[in-house]
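Visitor: I'd like to ask some things about the structure below.
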Amino acid sequence: MANKISLLIVDDEESVRDSLYNWFIEDGYHVDCAADAKEALTMLESHNFDIILADIKMPGMDGLEMHRRIKSLNKDAIVIVMTAFASVETAVQALKDGAYDYVTKPFDPDDLSHLIRNAARQISLQAENEALKNKVVSLDNIEDIIGNSKAMINVLKEVESVAQSNSSVIITGESGTGKELIARAIHSNSSRKFFPMVSVHCGALSEDLLESELFGHEKGAFTGAMFNRKGRFEMANGGTIFLDEIGTISPKMQIELLRVLETKAFVRVGGNKEIKSDFRVICATNKDLKKLVENGSFREDLYYRLNVVNISIPPLRERTEDIPLLVDHFIKKYCISMSRDMITIDPAALQRLEEYDYPGNVRELENMIERAIVIGNGKEIRLKDLPLEKDIISDSSDSLQDLEKKYILQTLNKYNWNISRSAKALKVDRVTLYNKIRKYGLKASKK
Amino acid sequence: MDQQGILLVSHGHFDGDLVDKITYDVKIEFQMPVQLEENHMDLTDYYDPKRRQYDGNQLLKMLDSLHENQYIRTMGLFRVDLFIPILTFIFGQAIFKGNSGIASFYRLRNEQYGMPKDDFLLYDRFRKVVIHELGHTFGLVHCFVPSCVMRSSTYVEDIDQKKHHFCSRCRSEMSLFINHSIKPH
């Protein structure tokens, strides 16, 4: 979206023009510069600019007069005036005349980004409103979500339908199914994408730490709070806050969270000034929140506040047709990050992966592929590169002796009957392993 | 190709193996040779006593002129607080589709914000800024993929939210740029 937005910078100082040009060109905007009002107006006669960022004090014609003339040439242009402290009053006059906003030099990078993103969002929303009637919205920036199974297509359809709204979302799914990826997909496809998505892993923080993380703190609020600090709700202003493992938060934090969700306002720890923030909430949990409500450990009112839309991600064992795509994706990912030549996977190994039930879901598959690339032969992933031994016992009714025999044989095969490496893997000494081989009559299979 | 990959120039002393680790990360991320060079030049000329900061624009110009045409890209690593005239501070900046960039770890340190020192976090943030700025020199603009290193970040916690890798779209755009602009044969 940003690359469609054009921006004109008007300032008589070359260093300011250059700095702003470099800053905005990196955001993907079309950027032009003018050294004074006259040059800017000439450019505006032949080009339409979406955003005009103009210094208020310039030789020849001041920013106020220029602003009036710009509006007569292009009433839809968003004009932002730049000012030094001394000319704030003039800036206020510009606002009265219809300028979008003003910024005081030098700017905080975050303030400047927020200001332009707000303007860009306004422009893109106008354009999207026009286009929405005829356009089927397709998802963007979902490259890490791999799969074309019916189950995943359904999840992506839900993402598509919920992204454009502001509703709270709860994403449920077993550990490792990719809940955060789905949250990122919702954020990236919403009009909030110009602003940050801030993630908080609630389960990793104590109650006090979580409070400080979410709401921020004032200097001196507690031992070690040497500076004022923004909280995550404040950082997510304009964007999305993602609360992972929401089912783990304490009853006290549940009350606090409910209040913030209702008012979109809060006070930093140790502070007394109310701070407002415009954020969207997306939560994730691998727990059954409804059950937690029933047994009294999760507030019902908070549950209904959060559970406006529920997206459930299927476990990997219910979408096995996606496994070849995922395997291919992870092979590419890790071969690139490890600077290795691209490798393939042996069909037998792939078949074994498709049969496995993945209690750790996609994350477990990813770890398996990474490990297989590390320990493998650098050409293809073989069956013996996969850590799937435990499956021998998962559904077995064999005796303990039979299981031991199978496990030892599998380990020996895995290490090409290298006794030292096999013994090390089995955590026994070489003599013990030789005794077991003799006891069970194990022999290397002929290839 | 006559040019010799990417050059990282560390200005001043960096503790431990911080810049070595970043050199490795840059090599992996850009898949090209990376050299590290120490430079102990006096930065006084670039100090602005009114702002008590160092002029990022001038440092970038200096770096760009020093290493012109020797390397595909040159990246200056600094310890000092950087600014450009319109902004109160910068983590780094680069010449878009140009040859050079700069990055400083000054504002990336937890201690700057009253938090306990965290060496890993500092390293992680610094490598993201370095890779991000180098990305701009290869023609990449800010990306909307939240985990992509090219996502725009204006405060440290924002940097912490992204990874030090390019998303696949940025990676392929960069490959196209490199193939068209840097490898003409």
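Within each chain, counting starts at residue 1; across the structure tokens, chains are named A, B, ... in the order shown, with ligands numbered 1 upward in that order.
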Check the DSSP output for the backbone and give back, as a PDB file with N, CA and C atoms, in the first residue's frame, the residues of chain B in alpha helix (DSSP H).
Guide:
ATOM      1  N   LEU B  18      31.261  -9.465  19.811  1.00  0.00           N
ATOM      2  CA  LEU B  18      30.031  -8.891  19.253  1.00  0.00           C
ATOM      3  C   LEU B  18      30.119  -8.695  17.734  1.00  0.00           C
ATOM      4  N   VAL B  19      31.155  -7.997  17.283  1.00  0.00           N
ATOM      5  CA  VAL B  19      31.216  -7.700  15.845  1.00  0.00           C
ATOM      6  C   VAL B  19      31.579  -8.941  15.020  1.00  0.00           C
ATOM      7  N   ASP B  20      32.290  -9.885  15.629  1.00  0.00           N
ATOM      8  CA  ASP B  20      32.580 -11.129  14.908  1.00  0.00           C
ATOM      9  C   ASP B  20      31.292 -11.900  14.648  1.00  0.00           C
ATOM     10  N   LYS B  21      30.445 -11.936  15.693  1.00  0.00           N
ATOM     11  CA  LYS B  21      29.177 -12.659  15.535  1.00  0.00           C
ATOM     12  C   LYS B  21      28.307 -11.979  14.476  1.00  0.00           C
ATOM     13  N   ILE B  22      28.319 -10.653  14.485  1.00  0.00           N
ATOM     14  CA  ILE B  22      27.510  -9.930  13.500  1.00  0.00           C
ATOM     15  C   ILE B  22      28.060 -10.154  12.087  1.00  0.00           C
ATOM     16  N   THR B  23      29.374 -10.196  11.976  1.00  0.00           N
ATOM     17  CA  THR B  23      29.999 -10.489  10.675  1.00  0.00           C
ATOM     18  C   THR B  23      29.490 -11.824  10.135  1.00  0.00           C
ATOM     19  N   TYR B  24      29.438 -12.814  11.032  1.00  0.00           N
ATOM     20  CA  TYR B  24      28.950 -14.138  10.627  1.00  0.00           C
ATOM     21  C   TYR B  24      27.486 -14.066  10.182  1.00  0.00           C
ATOM     22  N   ASP B  25      26.662 -13.371  10.983  1.00  0.00           N
ATOM     23  CA  ASP B  25      25.228 -13.274  10.659  1.00  0.00           C
ATOM     24  C   ASP B  25      25.008 -12.593   9.305  1.00  0.00           C
ATOM     25  N   VAL B  26      25.781 -11.548   9.045  1.00  0.00           N
ATOM     26  CA  VAL B  26      25.634 -10.822   7.772  1.00  0.00           C
ATOM     27  C   VAL B  26      26.022 -11.737   6.607  1.00  0.00           C
ATOM     28  N   LYS B  27      27.086 -12.507   6.824  1.00  0.00           N
ATOM     29  CA  LYS B  27      27.542 -13.434   5.782  1.00  0.00           C
ATOM     30  C   LYS B  27      26.439 -14.452   5.453  1.00  0.00           C
ATOM     31  N   ILE B  28      25.823 -14.982   6.501  1.00  0.00           N
ATOM     32  CA  ILE B  28      24.764 -15.977   6.299  1.00  0.00           C
ATOM     33  C   ILE B  28      23.569 -15.325   5.598  1.00  0.00           C
ATOM     34  N   GLU B  29      23.174 -14.156   6.056  1.00  0.00           N
ATOM     35  CA  GLU B  29      21.952 -13.534   5.557  1.00  0.00           C
ATOM     36  C   GLU B  29      22.101 -13.056   4.113  1.00  0.00           C
ATOM     37  N   PHE B  30      23.285 -12.574   3.760  1.00  0.00           N
ATOM     38  CA  PHE B  30      23.472 -12.034   2.404  1.00  0.00           C
ATOM     39  C   PHE B  30      24.176 -13.021   1.465  1.00  0.00           C
ATOM     40  N   GLY B  56      24.925  11.722  11.718  1.00  0.00           N
ATOM     41  CA  GLY B  56      24.851  10.500  10.911  1.00  0.00           C
ATOM     42  C   GLY B  56      25.044  10.752   9.433  1.00  0.00           C
ATOM     43  N   ASN B  57      24.503  11.866   8.943  1.00  0.00           N
ATOM     44  CA  ASN B  57      24.648  12.164   7.508  1.00  0.00           C
ATOM     45  C   ASN B  57      26.116  12.325   7.118  1.00  0.00           C
ATOM     46  N   GLN B  58      26.845  13.068   7.950  1.00  0.00           N
ATOM     47  CA  GLN B  58      28.261  13.317   7.631  1.00  0.00           C
ATOM     48  C   GLN B  58      29.090  12.036   7.756  1.00  0.00           C
ATOM     49  N   LEU B  59      28.782  11.248   8.784  1.00  0.00           N
ATOM     50  CA  LEU B  59      29.517   9.980   8.953  1.00  0.00           C
ATOM     51  C   LEU B  59      29.273   9.053   7.764  1.00  0.00           C
ATOM     52  N   LEU B  60      28.035   9.047   7.295  1.00  0.00           N
ATOM     53  CA  LEU B  60      27.693   8.188   6.157  1.00  0.00           C
ATOM     54  C   LEU B  60      28.442   8.654   4.901  1.00  0.00           C
ATOM     55  N   LYS B  61      28.491   9.980   4.699  1.00  0.00           N
ATOM     56  CA  LYS B  61      29.214  10.520   3.540  1.00  0.00           C
ATOM     57  C   LYS B  61      30.699  10.140   3.609  1.00  0.00           C
ATOM     58  N   MET B  62      31.266  10.304   4.820  1.00  0.00           N
ATOM     59  CA  MET B  62      32.685   9.994   5.003  1.00  0.00           C
ATOM     60  C   MET B  62      32.951   8.516   4.662  1.00  0.00           C
ATOM     61  N   LEU B  63      32.129   7.650   5.215  1.00  0.00           N
ATOM     62  CA  LEU B  63      32.315   6.209   5.000  1.00  0.00           C
ATOM     63  C   LEU B  63      32.186   5.864   3.521  1.00  0.00           C
ATOM     64  N   ASP B  64      31.198   6.489   2.886  1.00  0.00           N
ATOM     65  CA  ASP B  64      30.922   6.199   1.482  1.00  0.00           C
ATOM     66  C   ASP B  64      32.110   6.609   0.600  1.00  0.00           C
ATOM     67  N   SER B  65      32.729   7.743   0.952  1.00  0.00           N
ATOM     68  CA  SER B  65      33.835   8.210   0.115  1.00  0.00           C
ATOM     69  C   SER B  65      35.106   7.405   0.377  1.00  0.00           C
ATOM     70  N   LEU B  66      35.270   6.917   1.611  1.00  0.00           N
ATOM     71  CA  LEU B  66      36.487   6.173   1.960  1.00  0.00           C
ATOM     72  C   LEU B  66      36.592   4.841   1.229  1.00  0.00           C
ATOM     73  N   ASP B 119      23.530  -8.589  27.243  1.00  0.00           N
ATOM     74  CA  ASP B 119      24.452  -8.669  26.118  1.00  0.00           C
ATOM     75  C   ASP B 119      23.843  -9.351  24.901  1.00  0.00           C
ATOM     76  N   PHE B 120      23.046 -10.400  25.169  1.00  0.00           N
ATOM     77  CA  PHE B 120      22.462 -11.094  24.018  1.00  0.00           C
ATOM     78  C   PHE B 120      21.474 -10.190  23.285  1.00  0.00           C
ATOM     79  N   LEU B 121      20.645  -9.493  24.074  1.00  0.00           N
ATOM     80  CA  LEU B 121      19.647  -8.602  23.470  1.00  0.00           C
ATOM     81  C   LEU B 121      20.342  -7.521  22.641  1.00  0.00           C
ATOM     82  N   LEU B 122      21.435  -6.994  23.180  1.00  0.00           N
ATOM     83  CA  LEU B 122      22.183  -5.960  22.465  1.00  0.00           C
ATOM     84  C   LEU B 122      22.711  -6.506  21.129  1.00  0.00           C
ATOM     85  N   TYR B 123      23.299  -7.683  21.183  1.00  0.00           N
ATOM     86  CA  TYR B 123      23.803  -8.323  19.961  1.00  0.00           C
ATOM     87  C   TYR B 123      22.665  -8.561  18.966  1.00  0.00           C
ATOM     88  N   ASP B 124      21.542  -9.082  19.495  1.00  0.00           N
ATOM     89  CA  ASP B 124      20.412  -9.408  18.624  1.00  0.00           C
ATOM     90  C   ASP B 124      19.859  -8.139  17.955  1.00  0.00           C
ATOM     91  N   ARG B 125      19.758  -7.064  18.733  1.00  0.00           N
ATOM     92  CA  ARG B 125      19.245  -5.809  18.163  1.00  0.00           C
ATOM     93  C   ARG B 125      20.221  -5.238  17.141  1.00  0.00           C
ATOM     94  N   PHE B 126      21.495  -5.282  17.488  1.00  0.00           N
ATOM     95  CA  PHE B 126      22.511  -4.663  16.625  1.00  0.00           C
ATOM     96  C   PHE B 126      22.567  -5.386  15.269  1.00  0.00           C
ATOM     97  N   ARG B 127      22.521  -6.724  15.305  1.00  0.00           N
ATOM     98  CA  ARG B 127      22.599  -7.442  14.024  1.00  0.00           C
ATOM     99  C   ARG B 127      21.365  -7.140  13.168  1.00  0.00           C
ATOM    100  N   LYS B 128      20.203  -6.949  13.840  1.00  0.00           N
ATOM    101  CA  LYS B 128      18.995  -6.634  13.070  1.00  0.00           C
ATOM    102  C   LYS B 128      19.126  -5.268  12.399  1.00  0.00           C
ATOM    103  N   VAL B 129      19.662  -4.287  13.131  1.00  0.00           N
ATOM    104  CA  VAL B 129      19.825  -2.949  12.553  1.00  0.00           C
ATOM    105  C   VAL B 129      20.816  -3.003  11.388  1.00  0.00           C
ATOM    106  N   VAL B 130      21.917  -3.715  11.585  1.00  0.00           N
ATOM    107  CA  VAL B 130      22.945  -3.807  10.527  1.00  0.00           C
ATOM    108  C   VAL B 130      22.362  -4.469   9.279  1.00  0.00           C
ATOM    109  N   ILE B 131      21.672  -5.586   9.465  1.00  0.00           N
ATOM    110  CA  ILE B 131      21.110  -6.306   8.309  1.00  0.00           C
ATOM    111  C   ILE B 131      20.016  -5.461   7.647  1.00  0.00           C
ATOM    112  N   HIS B 132      19.226  -4.777   8.482  1.00  0.00           N
ATOM    113  CA  HIS B 132      18.158  -3.903   7.961  1.00  0.00           C
ATOM    114  C   HIS B 132      18.743  -2.796   7.073  1.00  0.00           C
ATOM    115  N   GLU B 133      19.749  -2.116   7.574  1.00  0.00           N
ATOM    116  CA  GLU B 133      20.320  -1.000   6.804  1.00  0.00           C
ATOM    117  C   GLU B 133      21.000  -1.513   5.529  1.00  0.00           C
ATOM    118  N   LEU B 134      21.683  -2.647   5.633  1.00  0.00           N
ATOM    119  CA  LEU B 134      22.271  -3.224   4.418  1.00  0.00           C
ATOM    120  C   LEU B 134      21.177  -3.580   3.413  1.00  0.00           C
ATOM    121  N   GLY B 135      20.025  -4.041   3.943  1.00  0.00           N
ATOM    122  CA  GLY B 135      18.878  -4.348   3.076  1.00  0.00           C
ATOM    123  C   GLY B 135      18.477  -3.136   2.247  1.00  0.00           C
ATOM    124  N   HIS B 136      18.483  -1.953   2.874  1.00  0.00           N
ATOM    125  CA  HIS B 136      18.140  -0.734   2.118  1.00  0.00           C
ATOM    126  C   HIS B 136      19.139  -0.480   0.993  1.00  0.00           C
ATOM    127  N   THR B 137      20.414  -0.758   1.249  1.00  0.00           N
ATOM    128  CA  THR B 137      21.410  -0.518   0.194  1.00  0.00           C
ATOM    129  C   THR B 137      21.176  -1.449  -0.999  1.00  0.00           C
ATOM    130  N   VAL B 156      13.359   0.291  20.600  1.00  0.00           N
ATOM    131  CA  VAL B 156      14.048  -1.004  20.740  1.00  0.00           C
ATOM    132  C   VAL B 156      13.098  -2.194  20.888  1.00  0.00           C
ATOM    133  N   GLU B 157      12.022  -1.987  21.635  1.00  0.00           N
ATOM    134  CA  GLU B 157      11.111  -3.122  21.810  1.00  0.00           C
ATOM    135  C   GLU B 157      10.490  -3.529  20.478  1.00  0.00           C
ATOM    136  N   ASP B 158      10.371  -2.547  19.585  1.00  0.00           N
ATOM    137  CA  ASP B 158       9.868  -2.815  18.243  1.00  0.00           C
ATOM    138  C   ASP B 158      10.874  -3.690  17.479  1.00  0.00           C
ATOM    139  N   ILE B 159      12.147  -3.413  17.683  1.00  0.00           N
ATOM    140  CA  ILE B 159      13.185  -4.228  17.039  1.00  0.00           C
ATOM    141  C   ILE B 159      13.104  -5.667  17.555  1.00  0.00           C
ATOM    142  N   ASP B 160      12.822  -5.781  18.879  1.00  0.00           N
ATOM    143  CA  ASP B 160      12.777  -7.123  19.483  1.00  0.00           C
ATOM    144  C   ASP B 160      11.674  -8.003  18.891  1.00  0.00           C
ATOM    145  N   GLN B 161      10.666  -7.369  18.306  1.00  0.00           N
ATOM    146  CA  GLN B 161       9.523  -8.135  17.802  1.00  0.00           C
ATOM    147  C   GLN B 161       9.839  -8.843  16.475  1.00  0.00           C
ATOM    148  N   SER B 168      10.565 -14.121   2.649  1.00  0.00           N
ATOM    149  CA  SER B 168      10.934 -14.670   1.330  1.00  0.00           C
ATOM    150  C   SER B 168      10.751 -13.630   0.232  1.00  0.00           C
ATOM    151  N   ARG B 169       9.769 -12.746   0.395  1.00  0.00           N
ATOM    152  CA  ARG B 169       9.553 -11.733  -0.647  1.00  0.00           C
ATOM    153  C   ARG B 169      10.749 -10.765  -0.705  1.00  0.00           C
ATOM    154  N   CYS B 170      11.172 -10.276   0.467  1.00  0.00           N
ATOM    155  CA  CYS B 170      12.322  -9.368   0.490  1.00  0.00           C
ATOM    156  C   CYS B 170      13.573 -10.073  -0.036  1.00  0.00           C
ATOM    157  N   ARG B 171      13.705 -11.348   0.355  1.00  0.00           N
ATOM    158  CA  ARG B 171      14.892 -12.091  -0.094  1.00  0.00           C
ATOM    159  C   ARG B 171      14.907 -12.194  -1.618  1.00  0.00           C
ATOM    160  N   SER B 172      13.731 -12.505  -2.207  1.00  0.00           N
ATOM    161  CA  SER B 172      13.750 -12.659  -3.667  1.00  0.00           C
ATOM    162  C   SER B 172      13.904 -11.297  -4.350  1.00  0.00           C
ATOM    163  N   GLU B 173      13.321 -10.239  -3.763  1.00  0.00           N
ATOM    164  CA  GLU B 173      13.519  -8.904  -4.354  1.00  0.00           C
ATOM    165  C   GLU B 173      14.997  -8.518  -4.322  1.00  0.00           C
ATOM    166  N   MET B 174      15.640  -8.872  -3.199  1.00  0.00           N
ATOM    167  CA  MET B 174      17.056  -8.535  -3.073  1.00  0.00           C
ATOM    168  C   MET B 174      17.886  -9.325  -4.093  1.00  0.00           C
ATOM    169  N   SER B 175      17.534 -10.604  -4.275  1.00  0.00           N
ATOM    170  CA  SER B 175      18.264 -11.417  -5.262  1.00  0.00           C
ATOM    171  C   SER B 175      18.134 -10.798  -6.644  1.00  0.00           C
ATOM    172  N   LEU B 176      16.906 -10.373  -6.986  1.00  0.00           N
ATOM    173  CA  LEU B 176      16.693  -9.740  -8.294  1.00  0.00           C
ATOM    174  C   LEU B 176      17.564  -8.500  -8.427  1.00  0.00           C
ATOM    175  N   PHE B 177      17.571  -7.698  -7.347  1.00  0.00           N
ATOM    176  CA  PHE B 177      18.340  -6.448  -7.359  1.00  0.00           C
ATOM    177  C   PHE B 177      19.831  -6.758  -7.551  1.00  0.00           C
TER     178      PHE B 177
END
Visitor: Which residues come within 9 Å of stretch 61-68 of chain A, counting only C-alpha atoms, excluding same-chain residues fewer than 5 positions away, as a list in words?
Guide: Asp36, Ala37, Lys38, Ala40, Leu41, Ala54, Asp55, Ile56, Leu73, Val79, Val81, Met82, Thr90, Ala91, Gln93, Ala94, Asp97, Gly98 and Ala99 of chain A
Visitor: With a distance threshold of 9 Å and counting only C-alpha atoms, extract the residues of chain B near chain A and express them as a PyMOL selection string.
Guide: chain B and resi 28-29+31+57+84-90+93-96+113-116+136+139-147+152-155+157-158+161+165+167-169
Visitor: Running DSSP on the backbone, which parts of stretch 64-309 of chain A land in strand (DSSP E or B), as number ranges by chain?
Guide: A: 78-83, 101-104, 107, 169-172, 197-201, 216-217, 229-230, 240-244, 265-267, 269, 274-276, 280-285, 309
Visitor: Can I get the selected residues back with N, CA and C atoms, as a short mmCIF file (atom, residue, chain, number, x, y, z; two decimals), in the first residue's frame?
Guide:
data_model
loop_
_atom_site.label_atom_id
_atom_site.label_comp_id
_atom_site.auth_asym_id
_atom_site.auth_seq_id
_atom_site.Cartn_x
_atom_site.Cartn_y
_atom_site.Cartn_z
N ILE A 78 -3.14 15.67 1.94
CA ILE A 78 -2.94 15.78 3.39
C ILE A 78 -1.69 16.63 3.62
N VAL A 79 -1.89 17.76 4.29
CA VAL A 79 -0.76 18.66 4.51
C VAL A 79 -0.33 18.58 5.97
N ILE A 80 0.95 18.31 6.18
CA ILE A 80 1.51 18.28 7.53
C ILE A 80 2.56 19.38 7.60
N VAL A 81 2.45 20.25 8.59
CA VAL A 81 3.42 21.34 8.66
C VAL A 81 4.51 21.01 9.68
N MET A 82 5.71 21.44 9.33
CA MET A 82 6.85 21.23 10.24
C MET A 82 7.21 22.58 10.85
N THR A 83 7.52 22.55 12.11
CA THR A 83 7.78 23.82 12.77
C THR A 83 8.87 23.67 13.83
N ASP A 101 -1.91 17.87 10.43
CA ASP A 101 -1.23 17.84 11.73
C ASP A 101 0.04 18.68 11.63
N TYR A 102 0.74 18.83 12.75
CA TYR A 102 2.03 19.48 12.67
C TYR A 102 3.04 18.72 13.53
N VAL A 103 4.30 18.85 13.15
CA VAL A 103 5.37 18.22 13.93
C VAL A 103 6.44 19.26 14.25
N THR A 104 7.02 19.09 15.43
CA THR A 104 8.04 20.05 15.88
C THR A 104 9.43 19.46 15.64
N PHE A 107 12.18 15.76 15.17
CA PHE A 107 11.13 14.80 15.54
C PHE A 107 11.72 13.57 16.19
N VAL A 169 -10.04 -11.44 18.80
CA VAL A 169 -9.97 -12.80 18.24
C VAL A 169 -9.27 -13.70 19.25
N ILE A 170 -9.82 -14.90 19.44
CA ILE A 170 -9.08 -15.92 20.19
C ILE A 170 -8.67 -17.01 19.21
N ILE A 171 -7.39 -17.31 19.21
CA ILE A 171 -6.89 -18.39 18.35
C ILE A 171 -6.59 -19.57 19.24
N THR A 172 -7.22 -20.69 18.94
CA THR A 172 -6.99 -21.89 19.75
C THR A 172 -6.30 -22.94 18.90
N MET A 197 2.71 -4.84 15.52
CA MET A 197 2.03 -5.89 16.25
C MET A 197 2.95 -6.24 17.42
N VAL A 198 2.44 -6.09 18.62
CA VAL A 198 3.25 -6.28 19.81
C VAL A 198 2.84 -7.60 20.47
N SER A 199 3.79 -8.50 20.63
CA SER A 199 3.48 -9.81 21.22
C SER A 199 3.88 -9.85 22.69
N VAL A 200 3.04 -10.47 23.48
CA VAL A 200 3.35 -10.68 24.90
C VAL A 200 3.09 -12.15 25.22
N HIS A 201 4.11 -12.83 25.73
CA HIS A 201 3.93 -14.23 26.09
C HIS A 201 3.58 -14.28 27.58
N GLY A 216 3.35 -0.60 31.39
CA GLY A 216 4.50 0.30 31.52
C GLY A 216 4.65 0.74 32.97
N HIS A 217 5.67 1.52 33.24
CA HIS A 217 5.84 2.01 34.61
C HIS A 217 6.47 3.39 34.62
N ARG A 229 8.78 3.99 31.43
CA ARG A 229 8.83 3.01 30.35
C ARG A 229 7.44 2.77 29.79
N LYS A 230 7.34 2.78 28.47
CA LYS A 230 6.07 2.50 27.81
C LYS A 230 5.70 1.03 28.00
N THR A 240 -1.77 -3.85 16.82
CA THR A 240 -2.39 -5.04 17.40
C THR A 240 -1.55 -5.52 18.57
N ILE A 241 -2.22 -5.96 19.64
CA ILE A 241 -1.47 -6.61 20.72
C ILE A 241 -1.84 -8.09 20.70
N PHE A 242 -0.82 -8.92 20.73
CA PHE A 242 -1.04 -10.36 20.70
C PHE A 242 -0.69 -10.95 22.05
N LEU A 243 -1.70 -11.47 22.74
CA LEU A 243 -1.49 -12.03 24.08
C LEU A 243 -1.48 -13.55 23.98
N ASP A 244 -0.28 -14.10 24.03
CA ASP A 244 -0.15 -15.55 23.91
C ASP A 244 -0.32 -16.19 25.28
N ALA A 265 -8.12 2.45 28.01
CA ALA A 265 -7.33 3.43 28.76
C ALA A 265 -6.74 2.73 29.99
N PHE A 266 -5.60 3.21 30.43
CA PHE A 266 -4.92 2.58 31.58
C PHE A 266 -3.94 3.58 32.17
N VAL A 267 -3.39 3.19 33.30
CA VAL A 267 -2.41 4.04 33.98
C VAL A 267 -1.14 3.21 34.14
N VAL A 269 2.16 1.64 35.83
CA VAL A 269 2.44 1.24 37.22
C VAL A 269 3.19 2.40 37.89
N GLU A 274 -3.87 9.05 33.03
CA GLU A 274 -4.54 8.06 32.19
C GLU A 274 -4.00 8.13 30.75
N ILE A 275 -3.67 6.97 30.21
CA ILE A 275 -3.13 6.90 28.84
C ILE A 275 -4.14 6.16 27.97
N LYS A 276 -4.42 6.73 26.83
CA LYS A 276 -5.36 6.05 25.91
C LYS A 276 -4.57 5.39 24.78
N ARG A 280 -5.93 -3.41 18.79
CA ARG A 280 -6.80 -4.56 18.61
C ARG A 280 -6.18 -5.72 19.38
N VAL A 281 -7.03 -6.54 20.00
CA VAL A 281 -6.50 -7.66 20.79
C VAL A 281 -6.70 -8.98 20.06
N ILE A 282 -5.61 -9.71 19.96
CA ILE A 282 -5.69 -11.10 19.49
C ILE A 282 -5.04 -11.97 20.57
N CYS A 283 -5.77 -12.99 21.02
CA CYS A 283 -5.23 -13.87 22.08
C CYS A 283 -5.02 -15.26 21.51
N ALA A 284 -4.20 -16.02 22.18
CA ALA A 284 -4.03 -17.41 21.77
C ALA A 284 -3.92 -18.28 23.01
N THR A 285 -4.39 -19.49 22.88
CA THR A 285 -4.27 -20.43 24.00
C THR A 285 -4.31 -21.86 23.47
N VAL A 309 -14.45 -13.55 17.99
CA VAL A 309 -14.21 -14.47 16.88
C VAL A 309 -13.25 -15.54 17.39
#
Visitor: Counting only C-alpha atoms, which residue out of B:Cys148, B:Gly5, B:Ser100, B:Arg109 sits closest to B:His67?
Guide: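 Among B:Cys148, B:Gly5, B:Ser100, B:Arg109, it is B:Ser100 that comes nearest to B:His67.
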Visitor: Quick one: distance from atom CA of A:Thr248 to atom CA of A:Ser206 in Å, one decimal?
Guide: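 Separation between atom CA of A:Thr248 and atom CA of A:Ser206: 10.1 Å.
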Visitor: Excluding B:Arg52 and residues on its chain fewer than 3 positions from it, collect all residues at most 12 Å away from it, counting only C-alpha atoms, and give them as an MDAnalysis selection string.
Guide: chainID B and resid 44 46:49 55 80:83 88:89
Visitor: For B:Arg73, which of B:Tyr54, B:Phe105, B:Phe138, B:Phe166 is the closest residue, counting only C-alpha atoms?
Guide: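 Selected residue with least distance to B:Arg73: B:Phe138.
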